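Colleague: work-v5.txt (compact mmCIF, C-alpha atoms (C1' of nucleotides)) pasted underneath:
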```
# COMPACT_ATOMS: atom_id res chain seq x y z
CA MET A 1 11.37 17.54 -5.88
CA VAL A 2 13.19 14.26 -5.63
CA ALA A 3 16.95 14.54 -5.93
CA LEU A 4 18.84 11.42 -4.97
CA LYS A 5 22.50 10.64 -5.11
CA THR A 6 22.13 8.10 -7.83
CA SER A 7 25.76 7.09 -7.68
CA ALA A 8 25.72 5.76 -4.13
CA ASN A 9 24.25 2.29 -4.27
CA PRO A 10 22.60 0.93 -7.37
CA LEU A 11 21.28 -2.12 -5.52
CA PHE A 12 19.52 -0.01 -2.99
CA LEU A 13 18.06 2.16 -5.67
CA ARG A 14 16.63 -0.82 -7.43
CA GLU A 15 15.08 -2.06 -4.22
CA GLU A 16 13.60 1.35 -3.63
CA GLU A 17 12.19 1.53 -7.14
CA LEU A 18 10.54 -1.83 -6.86
CA ARG A 19 9.00 -0.97 -3.52
CA ARG A 20 7.68 2.20 -5.02
CA GLY A 21 5.89 0.17 -7.63
CA ILE A 22 4.38 -2.06 -4.99
CA GLU A 23 3.20 0.86 -2.92
CA LEU A 24 1.76 2.74 -5.85
CA MET A 25 -0.36 -0.28 -6.63
CA PHE A 26 -1.63 -0.42 -3.09
CA TYR A 27 -2.49 3.25 -2.79
CA ALA A 28 -3.79 3.64 -6.31
CA TYR A 29 -6.10 0.67 -6.15
CA ARG A 30 -7.59 1.91 -2.94
CA GLU A 31 -8.14 5.35 -4.35
CA PHE A 32 -9.45 3.95 -7.59
CA THR A 33 -12.23 2.04 -5.82
CA SER A 34 -13.07 4.60 -3.19
CA GLU A 35 -15.56 6.72 -5.09
CA PRO A 36 -17.66 3.88 -6.47
CA ASP A 37 -17.61 2.34 -3.00
CA ARG A 38 -19.02 5.52 -1.54
CA ILE A 39 -21.82 5.67 -4.09
CA LEU A 40 -22.63 1.99 -3.63
CA ALA A 41 -22.77 2.27 0.13
CA LYS A 42 -25.61 4.77 -0.15
CA ILE A 43 -27.79 2.25 -1.93
CA ASP A 44 -26.69 -0.73 0.14
CA LEU A 45 -24.57 -2.38 -2.47
CA GLY A 46 -20.91 -3.29 -2.43
CA ARG A 47 -17.88 -3.57 -4.61
CA ALA A 48 -18.86 -7.07 -5.65
CA HIS A 49 -22.02 -5.66 -7.20
CA HIS A 50 -20.02 -3.06 -9.05
CA ARG A 51 -17.81 -5.70 -10.59
CA ALA A 52 -20.76 -7.73 -11.78
CA ILE A 53 -22.53 -4.68 -13.15
CA TYR A 54 -19.39 -3.44 -14.81
CA PHE A 55 -18.72 -6.61 -16.76
CA ILE A 56 -22.35 -7.23 -17.64
CA GLY A 57 -22.38 -3.71 -19.03
CA ARG A 58 -19.17 -4.37 -20.83
CA TYR A 59 -20.27 -7.65 -22.37
CA PRO A 60 -24.07 -7.51 -22.71
CA GLY A 61 -25.53 -10.98 -23.07
CA ILE A 62 -22.63 -12.53 -21.19
CA THR A 63 -23.35 -15.94 -19.71
CA VAL A 64 -22.97 -16.80 -16.07
CA SER A 65 -19.98 -19.05 -16.79
CA GLU A 66 -18.21 -16.34 -18.70
CA LEU A 67 -18.79 -13.88 -15.93
CA LEU A 68 -17.45 -16.38 -13.44
CA ALA A 69 -14.35 -16.81 -15.57
CA ILE A 70 -13.71 -13.08 -15.52
CA LEU A 71 -14.36 -12.53 -11.86
CA LYS A 72 -12.72 -15.73 -10.70
CA ILE A 73 -15.02 -16.24 -7.78
CA THR A 74 -17.23 -19.20 -7.00
CA LYS A 75 -20.69 -19.45 -8.48
CA GLN A 76 -22.11 -19.39 -4.95
CA SER A 77 -20.52 -16.01 -4.36
CA LEU A 78 -21.67 -14.67 -7.67
CA SER A 79 -25.12 -16.08 -7.18
CA ARG A 80 -25.66 -14.05 -4.05
CA VAL A 81 -24.63 -10.84 -5.75
CA LEU A 82 -26.47 -11.58 -8.97
CA GLY A 83 -29.61 -12.53 -7.07
CA GLN A 84 -29.68 -9.14 -5.42
CA LEU A 85 -29.10 -7.34 -8.69
CA LEU A 86 -31.93 -9.24 -10.35
CA GLU A 87 -34.24 -8.70 -7.42
CA ARG A 88 -33.59 -5.00 -7.37
CA GLY A 89 -34.00 -4.63 -11.08
CA TYR A 90 -30.50 -3.74 -12.19
CA VAL A 91 -29.94 -6.89 -14.22
CA GLU A 92 -32.07 -9.12 -16.40
CA GLN A 93 -31.72 -12.71 -17.49
CA ALA A 94 -32.75 -14.31 -20.76
CA LYS A 95 -32.48 -17.90 -21.88
CA GLY A 96 -29.85 -18.48 -24.49
CA GLU A 97 -31.17 -18.93 -28.03
CA ARG A 98 -28.65 -21.44 -29.15
CA ASP A 99 -28.27 -23.08 -25.76
CA GLN A 100 -31.32 -22.87 -23.55
CA ARG A 101 -29.33 -23.75 -20.46
CA GLN A 102 -27.48 -20.49 -20.57
CA ARG A 103 -28.69 -17.38 -18.85
CA LEU A 104 -27.69 -14.32 -20.80
CA LEU A 105 -27.20 -11.34 -18.57
CA THR A 106 -27.95 -7.76 -19.49
CA LEU A 107 -28.37 -4.50 -17.63
CA THR A 108 -31.79 -2.91 -17.32
CA GLU A 109 -32.16 0.81 -17.82
CA ALA A 110 -31.67 1.28 -14.09
CA GLY A 111 -28.65 -0.98 -14.21
CA HIS A 112 -27.22 1.02 -17.03
CA ALA A 113 -27.72 4.26 -15.21
CA LEU A 114 -26.00 2.89 -12.15
CA GLU A 115 -23.15 1.45 -14.16
CA GLN A 116 -22.61 4.81 -15.80
CA GLN A 117 -22.67 6.60 -12.51
CA LEU A 118 -20.14 4.26 -10.95
CA THR A 119 -17.81 3.85 -13.86
CA ASN A 120 -17.93 7.50 -14.65
CA THR A 121 -16.03 8.37 -11.49
CA GLN A 122 -13.22 6.08 -12.52
CA ARG A 123 -13.35 7.16 -16.12
CA CYS A 124 -13.03 10.76 -15.10
CA ARG A 125 -10.13 10.01 -12.86
CA PHE A 126 -8.33 8.33 -15.72
CA ALA A 127 -9.30 10.98 -18.21
CA ALA A 128 -7.78 13.68 -16.03
CA VAL A 129 -4.62 11.72 -15.34
CA TYR A 130 -4.18 10.66 -18.96
CA LYS A 131 -4.45 14.25 -20.04
CA ALA A 132 -1.98 15.46 -17.46
CA ALA A 133 0.50 12.66 -17.94
CA GLY A 134 0.47 12.52 -21.72
CA ALA A 135 0.12 9.77 -24.29
CA GLU A 136 3.54 8.31 -23.72
CA ALA A 137 2.97 7.89 -20.01
CA VAL A 138 -0.32 6.20 -20.74
CA ALA A 139 1.40 3.78 -23.05
CA GLY A 140 3.92 3.01 -20.35
CA PHE A 141 1.24 2.56 -17.75
CA ARG A 142 -0.54 0.10 -19.96
CA ALA A 143 2.60 -1.77 -20.87
CA VAL A 144 3.55 -2.30 -17.24
CA LEU A 145 0.11 -3.37 -16.07
CA ALA A 146 -0.33 -5.60 -19.09
CA GLY A 147 2.96 -7.21 -18.16
CA ILE A 148 1.71 -7.95 -14.70
CA ILE A 149 -1.62 -9.48 -15.48
CA ASP A 150 -2.36 -13.06 -16.35
CA PRO A 151 -2.04 -13.68 -20.10
CA THR A 152 -5.53 -15.18 -20.23
CA ASP A 153 -6.98 -12.07 -18.69
CA LEU A 154 -4.91 -9.89 -20.97
CA GLU A 155 -6.30 -11.63 -23.99
CA ARG A 156 -9.79 -10.90 -22.76
CA VAL A 157 -9.00 -7.23 -22.27
CA GLU A 158 -7.49 -7.00 -25.73
CA ARG A 159 -10.24 -8.89 -27.44
CA LEU A 160 -12.82 -6.17 -27.63
CA LEU A 161 -10.35 -3.68 -28.99
CA SER A 162 -9.67 -5.94 -31.92
CA ILE A 163 -13.33 -6.29 -32.90
CA PRO A 164 -14.39 -3.88 -35.65
CA GLN A 165 -16.53 -1.14 -34.20
CA GLU A 166 -19.73 -2.08 -35.95
CA GLU A 167 -19.89 -5.37 -34.11
CA LYS A 168 -19.40 -3.84 -30.73
CA PRO A 169 -22.19 -4.35 -28.28
CA GLU A 170 -24.57 -1.45 -27.91
CA ALA A 171 -23.67 -0.70 -24.36
CA THR A 172 -20.10 0.25 -25.01
CA LYS A 173 -21.00 2.90 -27.53
CA ARG A 174 -22.95 5.12 -25.19
CA LEU A 175 -22.84 8.65 -24.11
CA PRO A 176 -19.77 10.86 -23.84
CA VAL A 177 -18.04 11.12 -20.50
CA LYS A 178 -19.06 14.03 -18.38
CA CYS A 179 -16.87 14.85 -15.45
CA MET A 180 -17.50 17.14 -12.55
CA LYS A 181 -15.10 19.98 -12.12
CA LYS A 182 -13.03 19.89 -9.01
CA GLU A 183 -14.02 22.08 -6.13
CA ALA A 184 -11.85 25.15 -5.78
CA MET B 1 -2.10 -7.58 -32.86
CA VAL B 2 -4.50 -4.75 -32.32
CA ALA B 3 -5.48 -2.88 -35.45
CA LEU B 4 -8.43 -0.58 -35.13
CA LYS B 5 -9.97 1.81 -37.58
CA THR B 6 -8.89 4.84 -35.62
CA SER B 7 -10.71 7.24 -37.88
CA ALA B 8 -14.18 5.97 -37.15
CA ASN B 9 -15.32 7.47 -33.89
CA PRO B 10 -12.94 9.32 -31.61
CA LEU B 11 -15.49 9.43 -28.81
CA PHE B 12 -15.84 5.70 -28.79
CA LEU B 13 -12.12 5.27 -28.86
CA ARG B 14 -11.72 7.42 -25.83
CA GLU B 15 -14.38 5.45 -24.00
CA GLU B 16 -12.63 2.26 -24.94
CA GLU B 17 -9.27 3.54 -23.77
CA LEU B 18 -10.63 4.60 -20.43
CA ARG B 19 -12.31 1.26 -19.90
CA ARG B 20 -9.07 -0.45 -20.70
CA GLY B 21 -7.42 1.48 -17.91
CA ILE B 22 -10.12 0.46 -15.49
CA GLU B 23 -9.89 -3.17 -16.44
CA LEU B 24 -6.13 -3.27 -16.30
CA MET B 25 -6.33 -2.03 -12.75
CA PHE B 26 -8.78 -4.75 -11.83
CA TYR B 27 -6.89 -7.61 -13.39
CA ALA B 28 -3.45 -6.37 -12.40
CA TYR B 29 -4.29 -5.82 -8.77
CA ARG B 30 -5.72 -9.29 -8.52
CA GLU B 31 -2.66 -10.83 -10.09
CA PHE B 32 -0.37 -8.66 -8.03
CA THR B 33 -1.79 -9.95 -4.75
CA SER B 34 -2.30 -13.55 -5.78
CA GLU B 35 1.14 -14.96 -4.98
CA PRO B 36 1.50 -13.45 -1.54
CA ASP B 37 -2.05 -14.59 -0.81
CA ARG B 38 -1.11 -18.13 -1.69
CA ILE B 39 1.93 -18.08 0.58
CA LEU B 40 -0.01 -16.52 3.41
CA ALA B 41 -2.81 -19.06 3.18
CA LYS B 42 -0.36 -21.85 3.92
CA ILE B 43 0.52 -20.33 7.27
CA ASP B 44 -3.00 -19.22 8.11
CA LEU B 45 -2.49 -15.54 7.56
CA GLY B 46 -4.25 -13.17 5.20
CA ARG B 47 -3.70 -10.14 3.07
CA ALA B 48 -4.30 -7.87 6.02
CA HIS B 49 -1.28 -9.38 7.75
CA HIS B 50 0.82 -8.82 4.68
CA ARG B 51 -0.04 -5.15 4.58
CA ALA B 52 0.87 -4.67 8.23
CA ILE B 53 4.11 -6.60 7.86
CA TYR B 54 4.99 -4.77 4.70
CA PHE B 55 4.69 -1.29 6.17
CA ILE B 56 6.29 -2.20 9.48
CA GLY B 57 9.21 -3.53 7.46
CA ARG B 58 9.20 -0.41 5.37
CA TYR B 59 9.11 1.99 8.30
CA PRO B 60 10.73 0.20 11.25
CA GLY B 61 9.74 1.79 14.53
CA ILE B 62 6.49 3.06 13.08
CA THR B 63 3.82 3.88 15.63
CA VAL B 64 0.37 2.35 15.66
CA SER B 65 -1.21 5.68 14.70
CA GLU B 66 1.08 6.10 11.75
CA LEU B 67 0.34 2.61 10.57
CA LEU B 68 -3.35 3.30 10.91
CA ALA B 69 -2.94 6.43 8.82
CA ILE B 70 -1.31 4.43 6.05
CA LEU B 71 -3.70 1.53 6.05
CA LYS B 72 -6.80 3.63 6.64
CA ILE B 73 -8.59 0.98 8.64
CA THR B 74 -9.96 1.20 12.17
CA LYS B 75 -7.76 0.47 15.14
CA GLN B 76 -10.03 -2.44 16.02
CA SER B 77 -9.32 -4.03 12.66
CA LEU B 78 -5.62 -3.41 12.94
CA SER B 79 -5.55 -4.59 16.52
CA ARG B 80 -6.83 -8.02 15.52
CA VAL B 81 -4.18 -8.41 12.87
CA LEU B 82 -1.39 -6.93 14.95
CA GLY B 83 -2.30 -9.09 17.93
CA GLN B 84 -1.85 -12.19 15.85
CA LEU B 85 1.46 -11.01 14.46
CA LEU B 86 2.76 -10.25 17.96
CA GLU B 87 1.50 -13.53 19.31
CA ARG B 88 3.12 -15.51 16.56
CA GLY B 89 6.40 -13.66 16.86
CA TYR B 90 6.51 -11.76 13.58
CA VAL B 91 6.32 -8.32 15.14
CA GLU B 92 7.64 -6.70 18.29
CA GLN B 93 6.55 -3.65 20.24
CA ALA B 94 8.67 -1.21 22.19
CA LYS B 95 7.62 1.82 24.17
CA GLY B 96 8.49 5.11 22.56
CA GLU B 97 11.48 6.90 24.04
CA ARG B 98 10.19 10.40 23.63
CA ASP B 99 6.56 9.48 24.14
CA GLN B 100 5.95 6.48 26.35
CA ARG B 101 2.41 6.10 25.14
CA GLN B 102 3.56 5.11 21.71
CA ARG B 103 4.22 1.54 20.71
CA LEU B 104 6.99 1.39 18.17
CA LEU B 105 6.57 -1.56 15.87
CA THR B 106 9.38 -3.57 14.34
CA LEU B 107 9.71 -6.92 12.61
CA THR B 108 11.42 -9.79 14.34
CA GLU B 109 13.85 -11.94 12.41
CA ALA B 110 10.97 -14.26 11.56
CA GLY B 111 8.89 -11.29 10.53
CA HIS B 112 11.63 -10.07 8.32
CA ALA B 113 12.03 -13.42 6.68
CA LEU B 114 8.32 -13.58 5.98
CA GLU B 115 8.21 -10.02 4.69
CA GLN B 116 11.05 -10.82 2.31
CA GLN B 117 9.37 -13.96 1.10
CA LEU B 118 6.09 -12.19 0.45
CA THR B 119 7.39 -8.99 -1.03
CA ASN B 120 9.91 -10.82 -3.10
CA THR B 121 7.21 -12.32 -5.29
CA GLN B 122 5.91 -8.87 -6.07
CA ARG B 123 9.34 -7.39 -6.46
CA CYS B 124 10.27 -10.08 -8.94
CA ARG B 125 7.14 -9.51 -10.92
CA PHE B 126 7.92 -5.83 -11.18
CA ALA B 127 11.58 -6.42 -11.88
CA ALA B 128 10.72 -8.63 -14.84
CA VAL B 129 8.11 -6.26 -16.20
CA TYR B 130 10.28 -3.19 -15.72
CA LYS B 131 13.04 -4.88 -17.61
CA ALA B 132 10.78 -5.93 -20.45
CA ALA B 133 8.92 -2.65 -20.72
CA GLY B 134 11.86 -0.29 -20.38
CA ALA B 135 12.62 2.77 -18.31
CA GLU B 136 10.28 5.06 -20.17
CA ALA B 137 7.31 2.77 -19.67
CA VAL B 138 8.14 2.57 -15.99
CA ALA B 139 8.17 6.35 -15.75
CA GLY B 140 4.77 6.45 -17.43
CA PHE B 141 3.39 3.78 -15.17
CA ARG B 142 4.49 5.73 -12.16
CA ALA B 143 3.22 9.01 -13.46
CA VAL B 144 -0.24 7.62 -14.07
CA LEU B 145 -0.55 5.82 -10.75
CA ALA B 146 0.86 8.80 -8.89
CA GLY B 147 -1.81 10.89 -10.58
CA ILE B 148 -4.50 8.60 -9.32
CA ILE B 149 -3.55 8.32 -5.70
CA ASP B 150 -4.45 10.66 -2.91
CA PRO B 151 -1.90 13.51 -2.60
CA THR B 152 -1.40 12.74 1.08
CA ASP B 153 -0.51 9.16 0.29
CA LEU B 154 1.67 10.27 -2.56
CA GLU B 155 3.65 12.46 -0.24
CA ARG B 156 4.25 9.51 2.02
CA VAL B 157 5.46 7.37 -0.85
CA GLU B 158 7.76 10.11 -2.06
CA ARG B 159 9.11 10.94 1.36
CA LEU B 160 11.49 8.05 1.73
CA LEU B 161 12.99 8.59 -1.69
CA SER B 162 13.93 12.13 -0.77
CA ILE B 163 15.76 11.15 2.40
CA PRO B 164 19.54 10.83 1.88
CA GLN B 165 20.51 7.19 1.89
CA GLU B 166 22.49 7.26 5.13
CA GLU B 167 19.38 8.08 7.12
CA LYS B 168 17.33 5.33 5.63
CA PRO B 169 16.09 2.73 8.06
CA GLU B 170 18.08 -0.47 8.19
CA ALA B 171 15.38 -2.66 6.86
CA THR B 172 15.17 -1.08 3.45
CA LYS B 173 18.84 -1.61 2.72
CA ARG B 174 18.78 -5.37 2.85
CA LEU B 175 19.65 -8.15 0.57
CA PRO B 176 19.53 -8.18 -3.21
CA VAL B 177 16.44 -9.51 -4.90
CA LYS B 178 16.59 -13.12 -5.94
CA CYS B 179 13.94 -14.28 -8.34
CA MET B 180 13.03 -17.76 -9.39
CA LYS B 181 13.39 -18.52 -13.05
CA LYS B 182 10.17 -19.26 -14.83
CA GLU B 183 9.32 -22.85 -15.60
CA ALA B 184 9.87 -23.71 -19.23
C1' DA C 1 -30.72 -43.53 -23.16
C1' DG C 2 -27.16 -41.68 -20.61
C1' DG C 3 -23.27 -38.89 -19.50
C1' DT C 4 -21.97 -33.96 -19.53
C1' DT C 5 -22.70 -29.20 -19.02
C1' DA C 6 -24.95 -24.72 -17.31
C1' DA C 7 -27.07 -23.00 -13.72
C1' DG C 8 -28.98 -22.73 -9.16
C1' DT C 9 -29.52 -23.85 -4.12
C1' DC C 10 -28.70 -24.93 0.85
C1' DA C 11 -25.66 -24.86 4.68
C1' DA C 12 -21.69 -23.73 7.11
C1' DC C 13 -17.54 -21.25 7.68
C1' DA C 14 -13.41 -17.60 7.38
C1' DT C 15 -11.62 -13.10 6.67
C1' DG C 16 -11.42 -8.54 7.33
C1' DG C 17 -13.77 -4.59 7.30
C1' DC C 18 -17.17 -1.75 10.45
C1' DT C 19 -19.59 0.70 14.82
C1' DG C 20 -20.01 1.81 19.70
C1' DA C 21 -18.59 1.87 24.29
C1' DC C 22 -15.18 2.06 27.54
C1' DA C 23 -10.30 1.50 30.19
C1' DT C 24 -5.46 2.67 30.82
C1' DT C 25 -1.47 5.18 30.56
C1' DT C 26 1.00 9.13 29.43
C1' DC C 27 1.53 13.78 27.82
C1' DG C 28 1.36 18.65 27.84
C1' DC C 29 -0.37 22.82 29.31
C1' DA C 30 -2.76 26.49 32.06
C1' DT D 1 -0.15 20.30 40.00
C1' DG D 2 -3.93 18.74 38.11
C1' DC D 3 -6.84 17.98 34.25
C1' DG D 4 -8.18 17.39 29.52
C1' DA D 5 -6.44 15.24 25.45
C1' DA D 6 -3.96 11.81 23.06
C1' DA D 7 -2.15 6.93 22.07
C1' DT D 8 -3.33 2.52 22.72
C1' DG D 9 -5.98 -1.41 23.79
C1' DT D 10 -10.24 -4.23 24.40
C1' DC D 11 -15.01 -6.24 24.35
C1' DA D 12 -19.00 -7.23 21.74
C1' DG D 13 -21.51 -7.56 17.74
C1' DC D 14 -22.54 -6.74 12.82
C1' DC D 15 -21.90 -7.04 7.69
C1' DA D 16 -19.90 -8.03 3.06
C1' DT D 17 -17.77 -11.18 0.45
C1' DG D 18 -15.10 -14.75 -0.20
C1' DT D 19 -14.70 -20.14 0.60
C1' DT D 20 -16.02 -25.60 0.55
C1' DG D 21 -19.14 -29.42 -0.11
C1' DA D 22 -23.27 -31.64 -1.48
C1' DC D 23 -27.01 -31.81 -4.32
C1' DT D 24 -30.88 -30.60 -8.02
C1' DT D 25 -32.73 -29.41 -12.46
C1' DA D 26 -32.84 -28.69 -17.17
C1' DA D 27 -30.82 -28.92 -21.56
C1' DC D 28 -27.45 -30.62 -24.62
C1' DC D 29 -25.13 -34.07 -27.38
C1' DT D 30 -23.63 -38.56 -29.01
```
Produce structure tokens that represent the structure in this file.
Modeller:
Amino acid sequence: MVALKTSANPLFLREEELRRGIELMFYAYREFTSEPDRILAKIDLGRAHHRAIYFIGRYPGITVSELLAILKITKQSLSRVLGQLLERGYVEQAKGERDQRQRLLTLTEAGHALEQQLTNTQRCRFAAVYKAAGAEAVAGFRAVLAGIIDPTDLERVERLLSIPQEEKPEATKRLPVKCMKKEA
Amino acid sequence: MVALKTSANPLFLREEELRRGIELMFYAYREFTSEPDRILAKIDLGRAHHRAIYFIGRYPGITVSELLAILKITKQSLSRVLGQLLERGYVEQAKGERDQRQRLLTLTEAGHALEQQLTNTQRCRFAAVYKAAGAEAVAGFRAVLAGIIDPTDLERVERLLSIPQEEKPEATKRLPVKCMKKEA
DNA sequence: AGGTTAAGTCAACATGGCTGACATTTCGCA
DNA sequence: TGCGAAATGTCAGCCATGTTGACTTAACCT
């Protein structure tokens, strides 16, 4: 499909390649969030709620401070979102055992169902692409994105993977992914 | 660093891999936009302005409709942003030759300088990562993101690459990338 | 006992999306 | 030639989600 005279101007080519990377990020991120956004809109929630739900599902029992550290938003912003999720029964709070000041956040059954529904669309997207692109492409994809992100964040992403499976939180062990077939 | 008992539960592993993809997207996109955001904040502009400037720089002479098709926002939203960019002298409009209804958008010198400054931070990030990760990783990165994005958008991204270099718009041929060295 | 930390709250504001309604100019065709 | 459609612009208002700043409460720790 793409056949370029690679000899012409190496500087230009480099520029073009870098811009391609930039644009792929823009388009892909938009696409990546579009399906969850659509689902959320129907129940009067937004992307901010998805993010909170996602990470509470990912790290059950997470404290408010930890969640703030992941999301990197102010506690006032989070509070609004979290308040709505509590009110509508997607999230529950429990006082910390060790430290009673902490509020440990977990998903309710409804929260879990919603998280699955939302994340599933993204999971399926990745599953399909991973399969089509192959293991090596996936490794490359991960290497590049990992190179872009903040080392502190990267460490957090890696952390879970390095925990032996038995210690993993319940929530991450759940049901197999079921994807809809594409329409013909 | 990461050593997992891969034999244990293939289903879980798959789940974990897919979640990693999702999280990398989240963290990477945030990091990817953070530097331009910082620069823009200093001159009282936002990410929306960056996007407009970026694509006007990318496709000089682009019409308003075409820009709308790329950004996928309403004309009212774009109009606000574009108005500010015109007012502050970053963008210029010219009537279309063939179709006088069209407004062909181009960057002014100031606009170009700003576009370079903004995009350069992202370009440098990618340049460094590409170099560290290697050509194969880059190919994988692109394959995965290309698989995620909307085919219509993908076509647009690919289009420029397939045009022989001589026909490329001026703006994309410009200066070589200069990146700051990291602080020790 | 007293400073620090975790969490929450109130108020005000900015950005950047959105909808709906409507005006102007130009184009293209029957 | 005239009329509908298209490209653009504009007004008004709404909503989601981020921000800052000031302050409270409860629990922790030394």
Colleague: Residues of chain B within 9 Å of chain C, using only C-alpha atoms (C1' of nucleotides), as a PyMOL selection string?
Modeller: chain B and resi 46-48+73-74+77+99-101
Colleague: Counting all atoms listed in the file, what are the residues of segment 32-70 of chain B within 12 Å of segment 8-26 of chain D, and for each of them which pair of atoms is the nearest and at what distance in Å, to one decimal? Sort the table by chain and rising number, as JSON lines.
Modeller:
```
{"residue": "B:Thr63", "atom": "CA", "partner": "D:DT8", "partner_atom": "C1'", "distance": 10.2}
{"residue": "B:Val64", "atom": "CA", "partner": "D:DT8", "partner_atom": "C1'", "distance": 8.0}
{"residue": "B:Ser65", "atom": "CA", "partner": "D:DT8", "partner_atom": "C1'", "distance": 8.9}
{"residue": "B:Leu68", "atom": "CA", "partner": "D:DT8", "partner_atom": "C1'", "distance": 11.8}
```
Colleague: Quick one: distance from atom CA of Arg80 of chain B to atom CA of Tyr29 of chain B in Å, one decimal?
Modeller: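 One can read the atom CA of Arg80 of chain B to atom CA of Tyr29 of chain B distance as 24.5 Å.
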Colleague: So, counting all atoms listed in the file, which residue among A:Asn120, A:Thr152, A:Gln93, A:Gln102 is closest to chain D?
Modeller: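 Checking each of A:Asn120, A:Thr152, A:Gln93, A:Gln102 against chain D, counting all atoms listed in the file, the winner is A:Gln102.
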Colleague: May I ask for the distance between atom CA of Gln117 of chain B and atom CA of Ile22 of chain B, given in Å to one decimal place?
Modeller: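 If I compute the distance from atom CA of Gln117 of chain B to atom CA of Ile22 of chain B, I get 29.4 Å.
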Colleague: Which is closest to Arg14 of chain B among A:Ala146, A:Cys179, A:Leu82, A:Ala127, if we use all atoms listed in the file?
Modeller: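 Once distances to Arg14 of chain B are computed over all atoms listed in the file, the minimum belongs to A:Ala127.
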Colleague: From the list B:Val91, B:Ile70, B:Ala41, B:Leu114, which residue is nearest chain A when using all atoms listed in the file?
Modeller: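 The closest residue to chain A is B:Ile70.
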Colleague: Limit the output to C-alpha atoms (C1' of nucleotides) and give segment 3-24 of chain D as a PDB file, in the first residue's frame.
Modeller:
```pdb
ATOM      1  C1'  DC D   3     -33.635  27.833  -6.046  1.00  0.00           C
ATOM      2  C1'  DG D   4     -32.187  24.313  -2.880  1.00  0.00           C
ATOM      3  C1'  DA D   5     -28.031  22.764  -0.755  1.00  0.00           C
ATOM      4  C1'  DA D   6     -23.579  23.421   1.098  1.00  0.00           C
ATOM      5  C1'  DA D   7     -19.757  25.928   3.768  1.00  0.00           C
ATOM      6  C1'  DT D   8     -19.247  28.934   7.229  1.00  0.00           C
ATOM      7  C1'  DG D   9     -20.279  31.735  11.069  1.00  0.00           C
ATOM      8  C1'  DT D  10     -22.793  33.236  15.290  1.00  0.00           C
ATOM      9  C1'  DC D  11     -25.716  33.655  19.543  1.00  0.00           C
ATOM     10  C1'  DA D  12     -27.210  31.587  23.697  1.00  0.00           C
ATOM     11  C1'  DG D  13     -27.135  28.280  27.082  1.00  0.00           C
ATOM     12  C1'  DC D  14     -25.911  23.798  29.182  1.00  0.00           C
ATOM     13  C1'  DC D  15     -22.850  20.114  31.131  1.00  0.00           C
ATOM     14  C1'  DA D  16     -18.672  17.461  32.532  1.00  0.00           C
ATOM     15  C1'  DT D  17     -14.506  17.717  34.495  1.00  0.00           C
ATOM     16  C1'  DG D  18     -10.690  19.826  35.621  1.00  0.00           C
ATOM     17  C1'  DT D  19      -8.623  23.808  38.737  1.00  0.00           C
ATOM     18  C1'  DT D  20      -7.476  26.893  43.295  1.00  0.00           C
ATOM     19  C1'  DG D  21      -8.093  28.208  48.055  1.00  0.00           C
ATOM     20  C1'  DA D  22      -9.794  27.835  52.608  1.00  0.00           C
ATOM     21  C1'  DC D  23     -11.309  25.128  56.145  1.00  0.00           C
ATOM     22  C1'  DT D  24     -13.049  20.892  59.165  1.00  0.00           C
TER      23       DT D  24
END
```
